[in-house]
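Below: the structure, in structure tokens.
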Amino acid sequence: MVDTAARADESVRTPEAPAGASASAASAPPASGGAALKLDVELVARKLLGSFAQVRLDAREVARDPRFHRAEGLTLDEQRERTLAQMRIQAEQGFQLRAFPKRLGGFEDAGGNLAGFEELVSADPSLQIKGGVQWGLFAAAILHLGTAEHHDRLLPDAISLAVPGAFAMTETGHGSDVAAIGTTATYDPETEEFVIHTPFRAAWKDYLGNAGKHGVAATVFAQLVTNGVNHGVHCFYVPIRDAETLEFLPGVGGEDDGYKGGLNGIDNGRLHFDHVRIPRSNLLNRYGDVAADGTYTSSIDSPGRRFFTMLGTLVQGRVSLDGSTTIASALGLHIALTYATQRRQFASATPGVEHVLLDYQRHQRRLLPRLAQTYAQYFSHDVLLRAFDDVFSGRADTDENRQNLETLAAALKPLSTWHALDTLQEAREACGGSGFLAENRLTGLRSDLDIYVTFEGDNNVLLQLVGKRLLTDYATQFKGATKGDLAKFAAGQVAGKAYNEGGIRRVGQNLADLAGLGHSIEALKDHDTQRALLQDRVDTMVAAIGAELNKVRKASAAEQAEAFNENQDALIEAARAWGELQQWQAFTDALETVEDAGTRKILGWVHSLFTFTLFEKHAAWYLSHGRLSGRRAQAVTAYINRLLARLRPHALDLTAAFGFTDEQVRAPIASGAEAIRQDEAMAYYANQREAGLAPVDEKAAKKKAAARG
Ligand SMILES: Cc1cc2nc3c(=O)[nH]c(=O)nc-3n(C[C@H](O)[C@H](O)[C@H](O)COP(=O)(O)OP(=O)(O)OC[C@H]3O[C@@H](n4cnc5c(N)ncnc54)[C@H](O)[C@@H]3O)c2cc1C
């Protein structure tokens, strides 16, 4: 098992010693109202660690181990073998056991398992994702879709890595629409076997981790056909390679996906099947079974609900990507903000002293709102992880909780994965040329995380699921409504109600805005008003889409589909707004638990920066819907700039609270080396001036000569 002797005190950095910070070099921030306050870094670090703190600290110890670190400059084959070797060490250490049943040596700790997995992103995303394929997809499919017999027979080797496995769901022809995959599993009662078959090229399984080289078996998703009836997608355990020679077994074929845009430690590949026979018992039959005579039975009558229930058991991938990309964003910000407090460029008013980058407003603008967003994500991820643990521990495993969990995961994963790409790119640019060097990690992280927006559910497709759920909930409110009620709804009265109740009309009024900035902004600082504004945006958008769809309620299916498509973009925007509201709520709730006054004040500014950045981002909507006046919208931007100046002195403490150690950061530009270089350069010029050895500036020399006549 993992070395559990966690050194929490080491892992949680103190304000005096954030990784890579050098006291001498961290520039004195400009005087500001907030500079006298102090953030209690340890307190905030504990908050950010969330509900599975000890597991995270243990996993950080693993992430610090050089054996698990991403190595640059290896060939494709070397990268893949290195990643497999890393996984073997992990398997020996028992890192992967947490999710599995106690009777098989596991801990049955669903939430803790994901927390530990997420922390691996700072070591090597390839290791994280290849491990995710093995234990979070291949073995998890056996666990969640199989029954006790499968657990006893198949899980031990999947857990120990004796059988490296692929999770074969996606096909070249169908990725997001899994229900439409082409692979078939046709039952043959004569031999009591399923026949796994790929009927055409587009039905080749594709992009599968472990399929390119190492996989010996696969959990294959296919249309289950028995007695001439297609019962929809089910999962089957299929051996694919000889364990010794790694040659494909008869009837199985495949290709290597080759070099990818990132994650090259993983051997992604394609698989196809030519009438491959597997025993009936290899159907993972928790939700649907086939008797010896071919009779199909399921505890879930509706094929659609059965399909979504099966997929829902695999929600952990989405949950864990939300956490992983939040940590990666934090790491990118740690590197860029550390550098920004040490790197000097352009002379300041003080002779011989150049400005550090973070003193420039534009630099603050680029990094601090992203820091605020990352903070919000830490808190919303913890809410998601707890919801996941409640369901998967069995403590609160109800249909409603499962649906809520799936909706929340589908909303947060897109926001955080997009945020990571945006943040890593901005961090890269903020570090100039240094940011482009592989040794400083930002480009590598960015390319490895690129695909996180696509796998485990493409972001736009996931948000559409959230949008549909919002519409369903909305329609439920109108079940049994009269024509009059619907007419009112169509006229936008429902949205208008929220508009009045939340005091939003007040903040939208022009007259009240004629006073100064402080007055204009005051109402927006109130949490109830903030919530009302964010909630109202969701409600108004959903109501407007609902009204459009209601018009075609009785039209043909084709017309309904067309109307839905005409509103698809708006629906996805509504879903995104709902996700932002969840992040805001989680951050607001977390803020309320902070008792230390200085810390609460500073975190309150971070919260404000997050919220006002949302208002600014959606200013066009708020303005066009009369929720904010032009004057107030301008005040939002001005207030953001004030917040940046207030937060500037606390930027390093806020990143220190992420708790990264030097072994996790591993970026020379964030090691303090830049500060040493800057100090050396400044000392050199100072010494020259003191010794009178500094050459005279041309302008000054000319002036002197002119004065002499
Ligand atoms: C590195 C990597 C590893 C992977 N690992 C695995 C694995 O181990 N096992 C596995 O089974 N799969 C794996 N996948 C596959 C991955 O899950 C799919 O790529 C993903 O589900 C998207 O499917 P697709 O590529 O077919 O894209 P598509 O579904 O074709 O989507 C393409 C684009 O069209 C958009 N789009 C699609 N449908 C709609 C719609 N209705 N409305 C609006 N826009 C839409 C999407 O937003 C997307 O931008 C992996 C992929 C990669 C690249």
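Quick note on naming: the chains in the structure tokens go A, B, ... in the order shown, residues restart at 1 in each chain, and ligands are numbered from 1 in order of appearance.
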*Hey, which residues come within 6 Å of ligand 1 if we count only C-alpha atoms and all ligand atoms? Could you give them as number ranges by chain?*
A: 133, 167-170, 174-176, 207-209, 451, 454-458, 460-461
Store the residues of this selection in a file with C-alpha atoms, as a PDB file, in the first residue's frame.
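Final output, out_32.pdb:
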ATOM      1  CA  VAL A 133      -8.034   3.372 -18.185  1.00  0.00           C
ATOM      2  CA  PHE A 167     -12.138  -0.052 -22.205  1.00  0.00           C
ATOM      3  CA  ALA A 168     -13.620  -0.441 -25.669  1.00  0.00           C
ATOM      4  CA  MET A 169     -16.619   1.799 -26.001  1.00  0.00           C
ATOM      5  CA  THR A 170     -15.879   4.411 -28.691  1.00  0.00           C
ATOM      6  CA  HIS A 174     -19.575   6.890 -33.080  1.00  0.00           C
ATOM      7  CA  GLY A 175     -18.054   8.540 -30.037  1.00  0.00           C
ATOM      8  CA  SER A 176     -20.525  10.839 -28.344  1.00  0.00           C
ATOM      9  CA  TYR A 207      -8.682   5.686 -29.382  1.00  0.00           C
ATOM     10  CA  LEU A 208      -8.656   3.014 -26.666  1.00  0.00           C
ATOM     11  CA  GLY A 209      -5.950   3.314 -24.028  1.00  0.00           C
ATOM     12  CA  ILE A 451      -7.994  15.892 -24.866  1.00  0.00           C
ATOM     13  CA  THR A 454     -13.194  15.507 -25.336  1.00  0.00           C
ATOM     14  CA  PHE A 455     -12.902  12.200 -23.534  1.00  0.00           C
ATOM     15  CA  GLU A 456     -15.227  11.067 -20.763  1.00  0.00           C
ATOM     16  CA  GLY A 457     -17.904  12.973 -22.644  1.00  0.00           C
ATOM     17  CA  ASP A 458     -17.224  15.805 -25.077  1.00  0.00           C
ATOM     18  CA  ASN A 460     -20.481  20.457 -25.658  1.00  0.00           C
ATOM     19  CA  VAL A 461     -22.329  17.158 -25.619  1.00  0.00           C
TER      20      VAL A 461
END
*Quick one: residues within 8 Å of range 421-432 of chain A, only C-alpha atoms counted, chain neighbours fewer than 3 positions away excluded, as JSON, numbers by chain?*
{"A": [329, 332, 333, 335, 336, 339, 340, 363, 366, 367, 370, 417, 418, 435, 436, 442, 443, 445, 446, 449, 450]}
Can I get the selected residues back with N, CA, C and O atoms, as an mmCIF file, in the first residue's frame?
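selection.cif written:
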data_model
loop_
_atom_site.group_PDB
_atom_site.id
_atom_site.type_symbol
_atom_site.label_atom_id
_atom_site.label_comp_id
_atom_site.auth_asym_id
_atom_site.auth_seq_id
_atom_site.Cartn_x
_atom_site.Cartn_y
_atom_site.Cartn_z
ATOM 1 N N SER A 329 -4.661 23.490 -13.384
ATOM 2 C CA SER A 329 -4.770 24.954 -13.504
ATOM 3 C C SER A 329 -4.008 25.624 -12.369
ATOM 4 O O SER A 329 -3.292 26.614 -12.572
ATOM 5 N N GLY A 332 -0.306 25.471 -13.061
ATOM 6 C CA GLY A 332 0.088 26.463 -14.071
ATOM 7 C C GLY A 332 0.153 27.853 -13.456
ATOM 8 O O GLY A 332 1.092 28.628 -13.715
ATOM 9 N N LEU A 333 -0.807 28.165 -12.614
ATOM 10 C CA LEU A 333 -0.837 29.489 -11.978
ATOM 11 C C LEU A 333 0.296 29.628 -10.966
ATOM 12 O O LEU A 333 0.881 30.703 -10.819
ATOM 13 N N ILE A 335 3.205 28.310 -11.199
ATOM 14 C CA ILE A 335 4.432 28.577 -11.968
ATOM 15 C C ILE A 335 4.421 30.032 -12.477
ATOM 16 O O ILE A 335 5.383 30.783 -12.277
ATOM 17 N N ALA A 336 3.318 30.429 -13.094
ATOM 18 C CA ALA A 336 3.283 31.762 -13.717
ATOM 19 C C ALA A 336 3.305 32.882 -12.676
ATOM 20 O O ALA A 336 3.954 33.921 -12.881
ATOM 21 N N TYR A 339 6.843 33.166 -11.080
ATOM 22 C CA TYR A 339 7.729 33.838 -12.039
ATOM 23 C C TYR A 339 7.387 35.319 -12.116
ATOM 24 O O TYR A 339 8.279 36.178 -12.151
ATOM 25 N N ALA A 340 6.106 35.620 -12.103
ATOM 26 C CA ALA A 340 5.671 37.017 -12.263
ATOM 27 C C ALA A 340 6.067 37.895 -11.088
ATOM 28 O O ALA A 340 6.098 39.123 -11.207
ATOM 29 N N HIS A 363 -0.899 42.204 -16.359
ATOM 30 C CA HIS A 363 -0.452 40.880 -15.912
ATOM 31 C C HIS A 363 -1.382 40.350 -14.813
ATOM 32 O O HIS A 363 -1.726 39.170 -14.786
ATOM 33 N N ARG A 366 -4.527 39.099 -16.321
ATOM 34 C CA ARG A 366 -4.413 37.825 -17.021
ATOM 35 C C ARG A 366 -4.397 36.662 -16.038
ATOM 36 O O ARG A 366 -4.887 35.582 -16.353
ATOM 37 N N LEU A 367 -3.808 36.882 -14.878
ATOM 38 C CA LEU A 367 -3.607 35.735 -13.987
ATOM 39 C C LEU A 367 -4.578 35.679 -12.801
ATOM 40 O O LEU A 367 -5.027 34.594 -12.416
ATOM 41 N N ARG A 370 -8.141 34.198 -13.242
ATOM 42 C CA ARG A 370 -8.043 32.746 -13.444
ATOM 43 C C ARG A 370 -7.738 32.043 -12.116
ATOM 44 O O ARG A 370 -8.173 30.915 -11.888
ATOM 45 N N THR A 417 -12.320 21.721 -17.484
ATOM 46 C CA THR A 417 -11.348 21.278 -18.498
ATOM 47 C C THR A 417 -11.046 22.429 -19.464
ATOM 48 O O THR A 417 -9.897 22.642 -19.835
ATOM 49 N N TRP A 418 -12.051 23.178 -19.850
ATOM 50 C CA TRP A 418 -11.789 24.357 -20.703
ATOM 51 C C TRP A 418 -10.941 25.382 -19.948
ATOM 52 O O TRP A 418 -10.031 25.998 -20.505
ATOM 53 N N GLY A 435 8.272 30.270 -20.817
ATOM 54 C CA GLY A 435 7.055 29.463 -20.750
ATOM 55 C C GLY A 435 6.982 28.432 -21.857
ATOM 56 O O GLY A 435 6.278 27.434 -21.743
ATOM 57 N N PHE A 436 7.728 28.674 -22.921
ATOM 58 C CA PHE A 436 7.678 27.769 -24.072
ATOM 59 C C PHE A 436 8.677 26.617 -23.942
ATOM 60 O O PHE A 436 8.660 25.681 -24.719
ATOM 61 N N LEU A 442 4.695 24.011 -18.837
ATOM 62 C CA LEU A 442 3.367 24.529 -19.202
ATOM 63 C C LEU A 442 2.903 23.970 -20.553
ATOM 64 O O LEU A 442 1.736 23.603 -20.710
ATOM 65 N N THR A 443 3.828 23.871 -21.514
ATOM 66 C CA THR A 443 3.419 23.352 -22.829
ATOM 67 C C THR A 443 3.074 21.865 -22.740
ATOM 68 O O THR A 443 2.122 21.410 -23.375
ATOM 69 N N LEU A 445 1.978 20.190 -20.081
ATOM 70 C CA LEU A 445 0.683 20.036 -19.395
ATOM 71 C C LEU A 445 -0.459 20.404 -20.340
ATOM 72 O O LEU A 445 -1.482 19.728 -20.400
ATOM 73 N N ARG A 446 -0.260 21.499 -21.081
ATOM 74 C CA ARG A 446 -1.310 21.965 -21.984
ATOM 75 C C ARG A 446 -1.621 20.901 -23.049
ATOM 76 O O ARG A 446 -2.770 20.605 -23.330
ATOM 77 N N LEU A 449 -3.292 17.800 -21.473
ATOM 78 C CA LEU A 449 -4.668 18.018 -20.991
ATOM 79 C C LEU A 449 -5.650 18.400 -22.105
ATOM 80 O O LEU A 449 -6.859 18.464 -21.869
ATOM 81 N N ASP A 450 -5.112 18.631 -23.288
ATOM 82 C CA ASP A 450 -5.959 19.060 -24.400
ATOM 83 C C ASP A 450 -7.183 18.147 -24.574
ATOM 84 O O ASP A 450 -8.328 18.587 -24.673
#
*asked:* Would you pick out the contacts of Ala85 in chain A at 10 Å or less, using only C-alpha atoms, so that residues sharing its chain but fewer than 4 positions from it are not included, and give the list as a list in words?
replied: Arg67, Phe68, Gln79, Arg80, Glu81, Ile89, Gln90, Ala91 and Leu127 of chain A
*asked:* Quick check for you: according to DSSP on this backbone, which residues of range 594-649 of chain A are classed as alpha helix (DSSP H)? Reply as an MDAnalysis selection string.
replied: chainID A and resid 597:617 619:624 630:647
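Of the residues under consideration (A:Ala475, A:Asn565, A:Val507, A:His151), A:Val507 shows the shortest atom-to-atom contact distance to Arg632 in chain A when counting only C-alpha atoms.
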_Selection: 7 Å around range 390-405 of chain A, only C-alpha atoms, excl. self and same-chain fewer than 4 positions, as a VMD selection string_ = chain A and resid 110 386 409
